[in-house]
$ cat my_file23.cif   # mmCIF, C-alpha atoms
data_upload
loop_
_atom_site.label_atom_id
_atom_site.label_comp_id
_atom_site.auth_asym_id
_atom_site.auth_seq_id
_atom_site.Cartn_x
_atom_site.Cartn_y
_atom_site.Cartn_z
CA MET F 1 114.82 72.30 102.89
CA SER F 2 117.37 75.14 102.64
CA ASP F 3 117.40 78.10 105.01
CA GLU F 4 116.49 80.40 102.10
CA THR F 5 113.16 78.68 101.48
CA SER F 6 112.16 77.52 104.97
CA LEU F 7 109.76 79.41 107.21
CA SER F 8 110.12 80.19 110.86
CA ALA F 9 107.68 78.63 113.30
CA ASP F 10 105.93 82.01 113.51
CA PRO F 11 106.39 83.54 110.03
CA THR F 12 105.81 87.15 109.08
CA LEU F 13 103.33 88.02 106.36
CA LEU F 14 106.06 88.94 103.90
CA GLU F 15 107.81 85.61 104.47
CA VAL F 16 104.62 83.94 103.24
CA VAL F 17 103.68 86.42 100.49
CA PRO F 18 106.60 88.41 99.01
CA TRP F 19 106.38 92.21 98.91
CA PRO F 20 105.58 92.66 95.17
CA TYR F 21 102.37 90.58 95.39
CA GLY F 22 99.44 92.89 96.06
CA PHE F 23 97.14 90.28 97.58
CA GLY F 24 99.33 90.02 100.68
CA HIS F 25 99.00 93.75 101.28
CA SER F 26 95.25 93.59 100.65
CA TRP F 27 94.95 90.75 103.18
CA ALA F 28 96.65 92.88 105.84
CA VAL F 29 94.37 95.86 105.21
CA ARG F 30 91.31 93.59 105.15
CA TRP F 31 92.23 92.31 108.60
CA LEU F 32 92.64 95.87 109.87
CA LEU F 33 89.29 96.93 108.39
CA SER F 34 87.62 93.93 110.04
CA GLN F 35 88.59 95.16 113.53
CA PRO F 36 86.00 97.68 114.80
CA GLU F 37 88.58 99.62 116.81
CA LEU F 38 91.13 99.76 113.96
CA ALA F 39 88.91 100.36 110.90
CA PRO F 40 88.29 104.07 111.74
CA LEU F 41 92.07 104.59 111.96
CA VAL F 42 92.60 103.10 108.51
CA LEU F 43 89.75 105.10 106.98
CA GLY F 44 90.96 108.28 108.64
CA ALA F 45 94.45 107.79 107.19
CA VAL F 46 93.19 108.44 103.64
CA PRO F 47 94.02 112.07 102.69
CA GLY F 48 91.12 114.10 101.32
CA TRP F 49 88.38 111.63 102.22
CA GLU F 50 85.55 113.66 103.70
CA LEU F 51 84.03 111.12 106.02
CA GLY F 52 81.25 111.85 108.43
CA PRO F 53 81.52 111.29 112.19
CA LYS F 54 82.26 107.82 113.58
CA PRO F 55 83.07 105.98 110.32
CA ARG F 56 82.83 102.19 110.35
CA VAL F 57 82.99 99.35 107.86
CA VAL F 58 79.55 97.76 107.62
CA ASP F 59 80.63 94.15 107.00
CA VAL F 60 83.87 92.23 106.52
CA PRO F 61 85.28 93.38 103.16
CA ARG F 62 84.62 91.07 100.23
CA THR F 63 87.62 89.81 98.27
CA GLU F 64 88.00 89.69 94.46
CA ALA F 65 84.85 91.75 93.93
CA ARG F 66 83.64 91.65 90.32
CA PHE F 67 82.98 94.79 88.31
CA LYS F 68 82.44 95.16 84.58
CA GLY F 69 85.55 93.66 82.99
CA VAL F 70 87.71 94.02 86.12
CA ARG F 71 87.98 92.92 89.73
CA ALA F 72 88.76 94.89 92.86
CA ASP F 73 90.93 93.36 95.57
CA LEU F 74 88.34 94.33 98.18
CA ALA F 75 84.87 95.88 98.26
CA PHE F 76 83.09 97.20 101.33
CA SER F 77 80.69 99.88 102.56
CA VAL F 78 81.52 102.69 104.97
CA ALA F 79 78.77 104.00 107.22
CA THR F 80 78.88 107.26 109.14
CA GLU F 81 76.35 109.06 111.32
CA GLY F 82 73.67 110.85 109.32
CA ARG F 83 74.89 109.73 105.88
CA VAL F 84 74.02 107.08 103.33
CA PRO F 85 76.66 104.28 103.37
CA GLU F 86 79.44 104.80 100.81
CA ASP F 87 80.44 101.82 98.65
CA VAL F 88 84.20 101.45 98.17
CA ALA F 89 86.29 99.49 95.66
CA PHE F 90 89.77 98.89 97.08
CA GLU F 91 92.74 98.11 94.85
CA THR F 92 96.36 97.50 95.86
CA LYS F 93 99.18 98.51 93.53
CA VAL F 94 102.73 97.74 94.68
CA GLU F 95 105.04 97.64 91.66
CA ASP F 96 102.51 97.20 88.86
CA THR F 97 100.70 99.44 86.42
CA PHE F 98 97.91 101.79 87.42
CA ARG F 99 95.20 101.21 84.80
CA ALA F 100 92.61 103.91 84.28
CA ARG F 101 89.96 101.46 83.04
CA GLN F 102 89.96 99.72 86.43
CA VAL F 103 89.22 102.94 88.25
CA ALA F 104 86.64 103.96 85.65
CA ALA F 105 84.81 100.65 86.15
CA TYR F 106 84.61 101.21 89.90
CA ARG F 107 83.24 104.73 89.39
CA ASP F 108 80.73 103.51 86.80
CA ALA F 109 79.46 100.99 89.35
CA GLY F 110 78.87 103.73 91.90
CA HIS F 111 81.86 102.87 94.08
CA THR F 112 84.52 105.22 95.42
CA PRO F 113 87.91 103.99 94.13
CA LEU F 114 90.43 103.66 96.96
CA MET F 115 93.96 102.82 95.80
CA TYR F 116 96.34 101.38 98.38
CA LEU F 117 99.87 102.29 97.26
CA PRO F 118 102.59 101.02 99.60
CA GLY F 119 105.31 100.57 96.94
CA LEU F 120 106.89 102.01 93.82
CA THR F 121 103.58 102.55 92.02
CA GLY F 122 102.39 105.02 94.65
CA PHE F 123 105.78 106.72 94.76
CA LEU F 124 105.75 107.14 90.98
CA ILE F 125 102.19 108.44 90.46
CA SER F 126 102.15 110.68 93.53
CA GLY F 127 102.34 113.85 91.43
CA ASN F 128 99.88 112.89 88.70
CA THR F 129 96.43 114.41 88.28
CA ARG F 130 93.76 111.99 89.49
CA GLU F 131 91.56 111.54 86.47
CA PHE F 132 88.72 109.83 88.32
CA ASP F 133 89.08 111.56 91.70
CA GLU F 134 90.29 108.30 93.16
CA LEU F 135 91.51 108.23 96.75
CA HIS F 136 95.09 107.26 97.54
CA LEU F 137 96.27 105.57 100.72
CA THR F 138 100.05 105.31 100.92
CA GLY F 139 101.99 102.98 103.15
CA ALA F 140 103.39 105.98 104.99
CA ASN F 141 99.87 107.29 105.76
CA LEU F 142 98.68 103.90 106.98
CA ALA F 143 101.68 103.13 109.16
CA ALA F 144 101.77 106.61 110.70
CA ALA F 145 98.06 106.63 111.55
CA LEU F 146 98.20 103.26 113.29
CA SER F 147 101.49 103.95 115.07
CA ASP F 148 100.30 107.28 116.47
CA ALA F 149 96.94 105.94 117.63
CA LEU F 150 98.02 102.58 119.05
CA ASP F 151 100.97 104.01 121.00
CA GLY F 152 102.67 100.67 121.58
CA LYS F 153 99.52 98.54 121.85
CA ALA F 154 100.28 95.03 120.62
CA LEU F 155 99.09 93.76 117.23
CA PRO F 156 99.33 90.21 115.86
CA ARG F 157 102.87 89.46 114.70
CA MET F 158 101.87 89.15 111.04
CA ILE F 159 100.28 92.62 111.06
CA ASP F 160 102.85 94.32 113.26
CA SER F 161 105.80 93.02 111.23
CA TYR F 162 104.05 94.05 108.02
CA LEU F 163 103.49 97.61 109.22
CA ARG F 164 107.14 97.88 110.29
CA VAL F 165 108.24 97.00 106.75
CA VAL F 166 105.73 99.41 105.21
CA ARG F 167 107.08 102.20 107.42
CA HIS F 168 110.68 101.32 106.50
CA GLU F 169 109.93 101.37 102.77
CA ALA F 170 108.19 104.73 103.06
CA THR F 171 111.26 106.12 104.84
CA ARG F 172 113.52 104.79 102.07
CA PHE F 173 111.36 106.48 99.41
CA SER F 174 111.36 109.80 101.24
CA GLU F 175 115.10 109.82 101.95
CA ALA F 176 115.98 108.84 98.37
CA LEU F 177 113.84 111.65 96.98
CA VAL F 178 115.41 114.29 99.24
CA SER F 179 118.90 113.06 98.35
CA VAL F 180 118.21 113.08 94.61
CA ARG F 181 116.78 116.59 94.89
CA ASN F 182 119.80 117.92 96.76
CA ARG F 183 122.66 115.89 95.24
CA GLY F 184 121.41 114.28 92.03
CA SER F 185 121.72 110.77 93.44
CA ALA F 186 121.32 108.88 96.71
CA PRO F 187 123.28 106.39 98.82
CA GLU F 188 122.08 102.81 98.55
CA SER F 189 119.58 101.58 101.10
CA HIS F 190 118.27 98.08 101.74
CA GLY F 191 114.69 96.84 101.94
CA GLU F 192 111.94 95.13 99.98
CA THR F 193 112.03 97.50 96.97
CA PRO F 194 115.07 96.87 94.71
CA TRP F 195 117.46 99.77 95.08
CA PRO F 196 118.04 100.46 91.34
CA SER F 197 114.29 100.72 90.76
CA LEU F 198 113.81 102.96 93.78
CA LEU F 199 116.56 105.31 92.58
CA ASP F 200 115.07 105.41 89.06
CA VAL F 201 111.65 106.36 90.40
CA ALA F 202 113.07 108.97 92.79
CA TRP F 203 114.86 110.58 89.84
CA LEU F 204 111.70 110.62 87.71
CA VAL F 205 109.53 112.00 90.52
CA GLU F 206 112.02 114.82 91.07
CA ILE F 207 112.22 115.59 87.32
CA HIS F 208 108.40 115.73 87.23
CA ARG F 209 108.34 118.09 90.21
CA GLY F 210 111.02 120.27 88.65
CA ILE F 211 109.10 120.61 85.38
CA LYS F 212 105.95 121.65 87.20
CA GLN F 213 107.88 124.17 89.27
CA ARG F 214 110.23 125.71 86.69
CA ALA F 215 108.59 125.44 83.25
CA PRO F 216 106.35 128.53 83.70
CA ALA F 217 109.44 130.74 84.08
CA TYR F 218 110.42 129.75 80.53
CA ASP F 219 106.87 130.11 79.18
CA ILE F 220 106.62 126.34 78.64
CA ALA F 221 103.47 124.39 79.44
CA THR F 222 103.77 122.23 82.54
CA ALA F 223 101.50 119.43 81.25
CA CYS F 224 103.33 116.17 81.99
CA SER F 225 102.64 112.87 83.69
CA LEU F 226 104.59 110.03 85.23
CA ARG F 227 104.04 106.74 83.43
CA VAL F 228 105.16 103.13 83.11
CA GLU F 229 105.31 100.87 80.07
CA VAL F 230 106.41 97.24 79.73
CA ASN F 231 110.09 98.12 79.46
CA ASP F 232 110.47 101.61 80.88
CA ARG F 233 109.22 104.21 83.30
CA GLY F 234 109.25 107.87 82.43
CA VAL F 235 107.98 111.42 82.46
CA PHE F 236 105.77 112.09 79.44
CA TRP F 237 106.14 115.85 78.88
CA HIS F 238 103.38 116.48 76.36
CA GLY F 239 103.15 120.17 77.30
CA CYS F 240 106.38 120.91 75.43
CA ARG F 241 105.13 119.36 72.16
CA GLU F 242 105.76 121.35 68.98
CA THR F 243 103.67 120.40 65.95
CA PHE F 244 104.66 120.56 62.26
CA PRO F 245 101.45 120.59 60.17
CA SER F 246 103.27 121.53 56.98
CA LEU F 247 105.49 118.43 57.25
CA SER F 248 103.05 115.88 58.65
CA HIS F 249 99.76 117.07 57.07
CA ASP F 250 98.25 116.77 60.56
CA ASP F 251 97.88 119.41 63.24
CA GLN F 252 98.73 116.95 66.04
CA VAL F 253 101.96 115.22 64.96
CA GLY F 254 105.04 116.83 66.43
CA LEU F 255 108.12 116.55 68.61
CA TYR F 256 108.02 116.20 72.37
CA ILE F 257 110.32 115.27 75.23
CA ASP F 258 110.23 111.93 77.04
CA VAL F 259 112.38 111.39 80.13
CA ILE F 260 113.09 107.66 80.41
CA ALA F 261 114.43 105.23 83.01
CA PRO F 262 114.40 101.80 81.27
CA VAL F 263 113.40 98.92 83.55
CA ARG F 264 116.36 96.80 84.76
CA GLN F 265 118.93 98.81 82.79
CA GLN F 266 120.01 101.30 85.47
CA ARG F 267 120.41 104.23 83.09
CA TRP F 268 118.52 107.44 82.51
CA SER F 269 117.97 109.32 79.27
CA ILE F 270 116.11 112.27 77.77
CA ALA F 271 114.69 111.58 74.30
CA ILE F 272 113.18 113.80 71.64
CA LYS F 273 110.31 111.80 70.14
CA ALA F 274 108.10 112.25 67.11
CA GLY F 275 104.51 111.13 67.33
CA TRP F 276 100.95 111.85 68.44
CA GLY F 277 98.25 112.06 65.81
CA LYS F 278 97.69 110.22 62.51
CA GLY F 279 99.71 112.24 60.03
CA LYS F 280 103.05 111.51 58.40
CA LEU F 281 105.80 110.88 60.92
CA ALA F 282 108.71 110.39 58.50
CA PRO F 283 109.12 114.05 57.45
CA VAL F 284 109.08 115.15 61.09
CA VAL F 285 111.66 112.52 62.02
CA GLU F 286 113.84 113.57 59.09
CA TYR F 287 113.61 117.20 60.18
CA ALA F 288 114.75 116.26 63.69
CA ARG F 289 117.56 113.86 62.76
CA PRO F 290 120.99 114.55 64.33
CA SER F 291 122.28 117.76 62.81
CA ALA F 292 123.47 121.19 63.78
CA ARG F 293 119.97 121.74 65.23
CA TRP F 294 120.10 118.74 67.57
CA PRO F 295 123.20 116.57 68.08
CA GLY F 296 121.32 113.71 69.73
CA ARG F 297 118.88 111.21 68.29
CA VAL F 298 115.13 111.21 67.77
CA ALA F 299 112.81 108.28 68.38
CA CYS F 300 109.61 107.66 66.46
CA ARG F 301 106.53 106.25 68.17
CA GLN F 302 102.78 106.60 68.42
CA PRO F 303 102.24 107.57 72.09
CA GLN F 304 99.06 106.90 74.00
CA PRO F 305 98.22 110.20 75.74
CA GLN F 306 95.57 108.65 78.00
CA ARG F 307 97.74 105.82 79.32
CA ARG F 308 99.72 106.49 82.43
CA LEU F 309 100.81 104.72 85.55
#
$ encode --input "my_file23.cif" --output "structure tokens"
Amino acid sequence: MSDETSLSADPTLLEVVPWPYGFGHSWAVRWLLSQPELAPLVLGAVPGWELGPKPRVVDVPRTEARFKGVRADLAFSVATEGRVPEDVAFETKVEDTFRARQVAAYRDAGHTPLMYLPGLTGFLISGNTREFDELHLTGANLAAALSDALDGKALPRMIDSYLRVVRHEATRFSEALVSVRNRGSAPESHGETPWPSLLDVAWLVEIHRGIKQRAPAYDIATACSLRVEVNDRGVFWHGCRETFPSLSHDDQVGLYIDVIAPVRQQRWSIAIKAGWGKGKLAPVVEYARPSARWPGRVACRQPQPQRRL
């Protein structure tokens, strides 16, 4: 067997399960939640979670918990002094799509949705409005909480090595974002997340932040969201949409801006798109074709306003 595919005698978790696969991350968190002295540290690392005193996980978290039409990676109950236990549906997203119907199913079943986001997905959706009041636990939050509390206390190699990588990836994300903000790009770094994808997401996150911060000064609506599709990631700026009822015979169809970073293409673009609604798109597209008004190009699509990463 070649060196590239062989395992050491004492492998790390990410040697066994590569970084992009969420179940490896969920396994690590499940182990942490199963340790009475560590579970409160993990629970306390979740920003905005108003837990009561002395939180604990009632039983070992269940895996692949079934909900209506979906499954959660883990399900467990959190008990605190003087409160009714809180049921939790735990879902890991590393580099895959955040689907609203999953979170809705957890809420409908009376569970608090807790999203563990150690990778690009968490980095990308960090600025989005949380439609279902779901809780987010980032890799940075988890690693920092455990590092501060344990203060050098030994953990099993699989867990300790995993947390080191999580901390390193969080540092890469943070440094790339600061560099993009200050210089428009960032020097390459090495880790589990592919560098081109990390740079794309840092650029989009900074564009999203800039729109929210600067649009009001130009009397432009700030409504926008970070999203991912099969072939691209982007910032869907629906707040800037201008409708053309006289052309489309619909009061919804119009032009809007989409900031795009196509997957695996390492290029960025800003597109003027025609869509939204059920009226006639062709007259709106014709109006916006390259001309003295706009020297670029216009794309035509039917966007899905409720779908986002």
$ residues_around --input "my_file23.cif" --residues "segment 169-171 of chain F" --least-positions-apart "4" --cutoff "7 Å" --atoms "only C-alpha atoms" --output "short mmCIF file (atom, residue, chain, number, x, y, z; two decimals) with C-alpha atoms, in the coordinates of the input"
data_model
loop_
_atom_site.label_atom_id
_atom_site.label_comp_id
_atom_site.auth_asym_id
_atom_site.auth_seq_id
_atom_site.Cartn_x
_atom_site.Cartn_y
_atom_site.Cartn_z
CA GLY F 139 101.99 102.98 103.15
CA ALA F 140 103.39 105.98 104.99
CA VAL F 165 108.24 97.00 106.75
CA GLU F 175 115.10 109.82 101.95
CA GLY F 191 114.69 96.84 101.94
#
$ closest_residue --input "my_file23.cif" --among "F:Tyr287, F:Phe76, F:Trp195, F:Phe132" --to "Asp108 of chain F" --atoms "only C-alpha atoms"
F:Phe132
$ resolve_selection --input "my_file23.cif" --expression "the PyMOL selection byres ((chain F and resi 278) around 8)" --output "ChimeraX atom specification"
/F:250,252-253,276-277,279-280
$ resolve_selection --input "my_file23.cif" --expression "the PyMOL selection byres ((chain F and resi 247) around 12)" --output "number ranges by chain"
F: 243-246, 248-255, 274, 279-288
$ resolve_selection --input "my_file23.cif" --expression "the PyMOL selection byres ((chain F and resi 181) around 10)" --output "PyMOL selection string"
chain F and resi 175-180+182-186+202-203+205-207+209-210
$ atom_distance --input "my_file23.cif" --atom1 "atom CA of Val42 of chain F" --atom2 "atom CA of Leu146 of chain F"
7.4 Å
$ closest_residue --input "my_file23.cif" --among "F:Phe67, F:Trp49, F:Tyr218, F:Trp31" --to "Leu137 of chain F" --atoms "all atoms listed in the file"
F:Trp49
$ atom_distance --input "my_file23.cif" --atom1 "atom CA of Leu150 of chain F" --atom2 "atom CA of Val94 of chain F"
25.3 Å
$ residues_around --input "my_file23.cif" --residues "Val201 of chain F" --least-positions-apart "6" --cutoff "8 Å" --atoms "all atoms listed in the file" --output "ChimeraX atom specification"
/F:120,123-124,233,261
$ closest_residue --input "my_file23.cif" --among "F:Gln102, F:Ser77, F:Thr112, F:Thr12" --to "Ser34 of chain F" --atoms "all atoms listed in the file"
F:Ser77
$ residues_around --input "my_file23.cif" --residues "Val78 of chain F" --least-positions-apart "5" --cutoff "10 Å" --atoms "only C-alpha atoms" --output "MDAnalysis selection string"
chainID F and resid 39:40 43 51:52 55:59 83:88
$ atom_distance --input "my_file23.cif" --atom1 "atom CA of Val70 of chain F" --atom2 "atom CA of Leu33 of chain F"
22.5 Å
$ closest_residue --input "my_file23.cif" --among "F:Ala221, F:Pro194, F:Ala109, F:Gly44" --to "Arg172 of chain F" --atoms "only C-alpha atoms"
F:Pro194
